[in-house]
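Notes to accompany the following structure.
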Amino acid sequence: MKFSFKNDYSEGCHPDILQSLLKHNLDQQAGYGEDEYSLKAKELIKIKMKSPKSEIYFVSGGTQVNLIVISSVLRPYQCAISASTGHILNNETGAIEATGHKIISIEKEDGKLMPSDIIPVLENHRNIPHQVMPKMVYISNSTELGTVYTAKELEMLSNFCKENKLYLFMDGARMGHGLTSEISDLTLEKVAELTDIFYLGGTKNGALIGEAIVVNNQELQTDFAFNIKQKGALLAKGRLLGIQFLELMKNDLYFDLARHANRQAMKIKKAMEERGVQFLSDTYTNQIFPILHNSLIEKLSVKFEFYIWKKINENFSTIRLITSWNTGDEPVNEFIEIIKKEL
């Protein structure tokens with residue numbers, strides 16, 4: 001059986017989560033996220049963020065988060081701005097557009113948006129009321145290309161959004177990987193301070209399912225729960241999500257798992273760099289994008305699964321490799337040995 005480097009959710013969940021789910025399986029609890037585990041998990045996240053006034057909501061998946069947040073925050077005539085690599089543009093089947101909201105795309109090779117990228121969009125949407133109104137800046141950390149925002153970059157972007165009355169929404173499907181990247185100086189506390197809304201992704205970092213929406217802007221907290229219910233995201237057995245996030249946040253398991261995934265990816269990256277391999281983007285998270293000869297890609301695909309991300313020319317292509325919280329040394333070392341043998 002081939003080992004998969006296709007994604008970071010091929011495995012089930014961390015054993016501590018399964019044990020806790022089993023331990024509390026027969027406990028009677030209130031429904032719809034009012035169970036003791038969900039309440040404890042929310043308080044623990046607030047403590048770690050040092051943001052007691054933030055509101056937290058647990059839902060099952062990332063696309064669901066993006067759909068709920070954008071459709072609830074924006075008025076019918078407002079739109080979101082995203083890098084061309086953004087998940088809401090490429091991997092959500094037009095979910096945002098289906099709610100009546102346009103997404104303005106900005107081409108960025110590194111997947112990160114800066115104020116200078118957004119200024120032309122604002123300048124080109126001044127024909128009021130004949131054009132949609134840009135109102136939200138959507139970013140990811142880490143991005144779809146595995147890159148991360150520095151604290152300074154996020155602060156600049158946050159200030160720019162405030163000055164131009166734009167909401168800043170951070171997709172955190174791989175938030176753990178972004179914050180624990182060896183080059184990151186960004187903290188969870190800083191993210192809470194600088195964004196209007198973000199979310200902590202559990203699905204791609206050790207949970208069975210689950211994401212934690214964090215609403216920092218108090219104006220946006222009003223009636224937010226109605227949107228979750230209306231979109232079918234309010235689980236009767238909310239404990240399923242609460243128990244998972246309680247386990248992930250206890251003793252910083254969430255960050256330890258992400259750090260492990262990053263470390264495994266960096267082992268492969270280092271081995272490839274030593275053999276002169278070029279990369280589509282310079283990443284330090286659990287996603288890497290090496291540019292390889294097609295013949296080598298064929299040899300690797302005999303034992304490993306991965307996505308061919310982009311064709312470079314007739315002879316070379318970029319593949320995407322993703323390591324997970326559970327990626328062990330054996331497949332990583334085996335992959336590296338093939339690279340050393342062939343290059």
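Letters A, B, ... go to the chains of the structure tokens in the order shown; residues in each chain start at 1; ligands are counted from 1 in the same order.
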
Contacts between segment 275-293 of chain A and segment 180-227 of chain A, please, where a residue of segment 180-227 of chain A counts if it comes within 10 Å (with only C-alpha atoms); show its shortest atom pair and distance in Å to one decimal, rows by chain and ascending number, as a tab-separated table.
```
residue	atom	partner	partner_atom	distance
A:Thr180	CA	A:Thr285	CA	8.0
A:Ser181	CA	A:Thr285	CA	5.4
A:Glu182	CA	A:Tyr284	CA	6.6
A:Ile183	CA	A:Tyr284	CA	7.0
A:Ser184	CA	A:Tyr284	CA	8.8
```

Under the rule that only C-alpha atoms are counted, which of A:Leu200, A:Ala233, A:Gly176, A:Leu186 is the nearest residue to Phe255 of chain A?
A:Gly176

DSSP says strand (DSSP E) for which residues of segment 63-238 of chain A? Put them as a PyMOL selection string?
chain A and resi 78-83+103-106+133-140+167-171+197-201+211-215

Restricting the output to C-alpha atoms, write the selected residues as an mmCIF file, in the first residue's frame.
```
data_model
loop_
_atom_site.group_PDB
_atom_site.id
_atom_site.type_symbol
_atom_site.label_atom_id
_atom_site.label_comp_id
_atom_site.auth_asym_id
_atom_site.auth_seq_id
_atom_site.Cartn_x
_atom_site.Cartn_y
_atom_site.Cartn_z
ATOM 1 C CA GLN A 78 -20.491 43.548 -0.442
ATOM 2 C CA CYS A 79 -17.662 41.261 -1.540
ATOM 3 C CA ALA A 80 -14.502 39.581 -0.299
ATOM 4 C CA ILE A 81 -10.932 39.985 -1.531
ATOM 5 C CA SER A 82 -8.706 36.918 -1.752
ATOM 6 C CA ALA A 83 -5.361 35.839 -3.150
ATOM 7 C CA ILE A 103 -14.839 37.209 -4.591
ATOM 8 C CA ILE A 104 -12.236 39.540 -6.066
ATOM 9 C CA SER A 105 -9.079 37.607 -6.909
ATOM 10 C CA ILE A 106 -5.533 38.987 -6.647
ATOM 11 C CA MET A 133 -18.356 47.094 -2.310
ATOM 12 C CA PRO A 134 -15.094 45.448 -1.135
ATOM 13 C CA LYS A 135 -15.626 44.815 2.562
ATOM 14 C CA MET A 136 -13.605 41.784 3.639
ATOM 15 C CA VAL A 137 -9.997 40.708 3.174
ATOM 16 C CA TYR A 138 -9.680 36.923 3.299
ATOM 17 C CA ILE A 139 -6.248 35.460 4.081
ATOM 18 C CA SER A 140 -4.861 32.106 5.232
ATOM 19 C CA TYR A 167 -12.987 43.203 7.870
ATOM 20 C CA LEU A 168 -9.938 40.955 8.173
ATOM 21 C CA PHE A 169 -10.761 37.238 8.182
ATOM 22 C CA MET A 170 -8.015 34.637 8.585
ATOM 23 C CA ASP A 171 -8.584 31.065 7.412
ATOM 24 C CA ILE A 197 -12.463 36.765 12.765
ATOM 25 C CA PHE A 198 -10.255 33.706 12.379
ATOM 26 C CA TYR A 199 -10.523 30.021 13.007
ATOM 27 C CA LEU A 200 -8.437 27.256 14.516
ATOM 28 C CA GLY A 201 -8.438 24.212 12.279
ATOM 29 C CA GLU A 211 -12.894 23.925 13.552
ATOM 30 C CA ALA A 212 -13.139 26.697 16.150
ATOM 31 C CA ILE A 213 -14.469 30.009 14.831
ATOM 32 C CA VAL A 214 -13.128 32.921 16.871
ATOM 33 C CA VAL A 215 -15.033 36.204 16.539
#
```

Could you please determine the separation between atom CA of Gln131 of chain A and atom CA of Leu166 of chain A in Å, to one decimal place?
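Going from atom CA of Gln131 of chain A over to atom CA of Leu166 of chain A covers 16.2 Å.
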
Pick from A:Pro331, A:Gly238, A:Gly94, A:Gly202: nearest to Ser4 of chain A, with only C-alpha atoms counted?
A:Pro331

Apply DSSP to the backbone of this structure and, from segment 101-239 of chain A, keep only the residues in helix (DSSP H, G or I); write these as JSON, numbers by chain.
{"A": [115, 116, 117, 118, 119, 120, 121, 122, 123, 151, 152, 153, 154, 155, 156, 157, 158, 159, 160, 161, 162, 163, 175, 176, 177, 178, 179, 188, 189, 190, 191, 192, 193, 194, 218, 219, 220, 221, 224, 225, 226, 227, 228, 229, 230, 239]}

Any chance you can output those residues with N, CA and C atoms as a compact mmCIF listing (two decimals), in the first residue's frame?
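File produced: out25.txt:
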```txt
# COMPACT_ATOMS: atom_id res chain seq x y z
N PRO A 115 -1.07 45.24 1.85
CA PRO A 115 -1.85 46.44 1.53
C PRO A 115 -1.67 46.93 0.10
N SER A 116 -0.45 46.85 -0.42
CA SER A 116 -0.20 47.31 -1.79
C SER A 116 -0.98 46.50 -2.83
N ASP A 117 -1.33 45.26 -2.49
CA ASP A 117 -2.12 44.44 -3.41
C ASP A 117 -3.58 44.86 -3.42
N ILE A 118 -4.03 45.36 -2.28
CA ILE A 118 -5.46 45.64 -2.11
C ILE A 118 -5.82 47.05 -2.58
N ILE A 119 -4.87 47.98 -2.52
CA ILE A 119 -5.15 49.37 -2.91
C ILE A 119 -5.76 49.49 -4.30
N PRO A 120 -5.21 48.81 -5.33
CA PRO A 120 -5.82 48.91 -6.67
C PRO A 120 -7.26 48.42 -6.72
N VAL A 121 -7.57 47.41 -5.92
CA VAL A 121 -8.95 46.90 -5.88
C VAL A 121 -9.90 47.98 -5.37
N LEU A 122 -9.49 48.65 -4.30
CA LEU A 122 -10.33 49.71 -3.74
C LEU A 122 -10.47 50.87 -4.72
N GLU A 123 -9.38 51.20 -5.39
CA GLU A 123 -9.41 52.30 -6.36
C GLU A 123 -10.31 51.99 -7.55
N ALA A 151 4.53 38.70 12.07
CA ALA A 151 3.75 39.58 12.93
C ALA A 151 3.66 40.98 12.34
N LYS A 152 4.76 41.46 11.77
CA LYS A 152 4.78 42.79 11.18
C LYS A 152 3.85 42.87 9.97
N GLU A 153 3.88 41.84 9.13
CA GLU A 153 3.02 41.82 7.95
C GLU A 153 1.54 41.82 8.34
N LEU A 154 1.19 41.02 9.33
CA LEU A 154 -0.20 40.96 9.75
C LEU A 154 -0.63 42.27 10.40
N GLU A 155 0.27 42.89 11.15
CA GLU A 155 -0.05 44.17 11.78
C GLU A 155 -0.28 45.25 10.73
N MET A 156 0.55 45.27 9.70
CA MET A 156 0.37 46.24 8.61
C MET A 156 -0.96 46.02 7.90
N LEU A 157 -1.27 44.77 7.64
CA LEU A 157 -2.51 44.45 6.95
C LEU A 157 -3.72 44.79 7.82
N SER A 158 -3.63 44.50 9.11
CA SER A 158 -4.71 44.81 10.03
C SER A 158 -4.97 46.31 10.11
N ASN A 159 -3.90 47.07 10.23
CA ASN A 159 -4.05 48.53 10.29
C ASN A 159 -4.65 49.07 9.00
N PHE A 160 -4.21 48.53 7.88
CA PHE A 160 -4.75 48.96 6.59
C PHE A 160 -6.25 48.68 6.50
N CYS A 161 -6.65 47.49 6.96
CA CYS A 161 -8.07 47.13 6.92
C CYS A 161 -8.90 48.06 7.81
N LYS A 162 -8.40 48.35 8.97
CA LYS A 162 -9.12 49.27 9.87
C LYS A 162 -9.25 50.65 9.25
N GLU A 163 -8.18 51.14 8.65
CA GLU A 163 -8.20 52.48 8.03
C GLU A 163 -9.19 52.54 6.88
N MET A 175 -3.67 26.67 10.91
CA MET A 175 -3.17 27.69 11.82
C MET A 175 -2.04 27.16 12.71
N GLY A 176 -2.20 25.96 13.21
CA GLY A 176 -1.17 25.39 14.06
C GLY A 176 0.17 25.30 13.35
N HIS A 177 0.14 24.87 12.10
CA HIS A 177 1.37 24.73 11.32
C HIS A 177 2.00 26.10 11.04
N GLY A 178 1.15 27.08 10.79
CA GLY A 178 1.67 28.42 10.54
C GLY A 178 2.34 29.02 11.76
N LEU A 179 1.70 28.89 12.92
CA LEU A 179 2.23 29.50 14.14
C LEU A 179 3.47 28.79 14.67
N LEU A 188 -0.68 33.18 18.73
CA LEU A 188 -2.14 33.10 18.77
C LEU A 188 -2.72 34.37 19.36
N GLU A 189 -2.06 34.89 20.37
CA GLU A 189 -2.50 36.13 21.00
C GLU A 189 -2.51 37.28 19.99
N LYS A 190 -1.49 37.36 19.16
CA LYS A 190 -1.38 38.42 18.16
C LYS A 190 -2.45 38.27 17.09
N VAL A 191 -2.73 37.04 16.69
CA VAL A 191 -3.77 36.80 15.68
C VAL A 191 -5.12 37.29 16.20
N ALA A 192 -5.42 36.99 17.45
CA ALA A 192 -6.68 37.44 18.05
C ALA A 192 -6.76 38.95 18.13
N GLU A 193 -5.63 39.57 18.36
CA GLU A 193 -5.59 41.03 18.47
C GLU A 193 -5.79 41.72 17.12
N LEU A 194 -5.28 41.12 16.05
CA LEU A 194 -5.20 41.80 14.76
C LEU A 194 -6.28 41.42 13.75
N GLN A 218 -16.40 42.62 18.34
CA GLN A 218 -17.63 42.48 19.12
C GLN A 218 -18.88 42.89 18.34
N GLU A 219 -18.73 43.76 17.36
CA GLU A 219 -19.87 44.15 16.54
C GLU A 219 -20.38 42.97 15.72
N LEU A 220 -19.49 42.06 15.37
CA LEU A 220 -19.87 40.91 14.55
C LEU A 220 -20.38 39.74 15.38
N GLN A 221 -20.27 39.84 16.68
CA GLN A 221 -20.72 38.75 17.55
C GLN A 221 -22.24 38.69 17.68
N PHE A 224 -24.53 36.06 15.81
CA PHE A 224 -23.73 35.18 14.97
C PHE A 224 -24.20 33.74 15.05
N ALA A 225 -24.66 33.32 16.23
CA ALA A 225 -25.10 31.94 16.42
C ALA A 225 -26.28 31.58 15.53
N PHE A 226 -27.11 32.57 15.19
CA PHE A 226 -28.24 32.30 14.30
C PHE A 226 -27.76 31.79 12.94
N ASN A 227 -26.67 32.35 12.48
CA ASN A 227 -26.13 31.95 11.18
C ASN A 227 -25.62 30.51 11.21
N ILE A 228 -25.04 30.12 12.32
CA ILE A 228 -24.55 28.74 12.45
C ILE A 228 -25.72 27.77 12.40
N LYS A 229 -26.78 28.08 13.11
CA LYS A 229 -27.96 27.22 13.11
C LYS A 229 -28.60 27.18 11.72
N GLN A 230 -28.74 28.33 11.10
CA GLN A 230 -29.41 28.40 9.80
C GLN A 230 -28.67 27.62 8.72
N ARG A 239 -20.85 18.11 22.04
CA ARG A 239 -19.77 17.53 22.82
C ARG A 239 -18.71 16.87 21.95
```
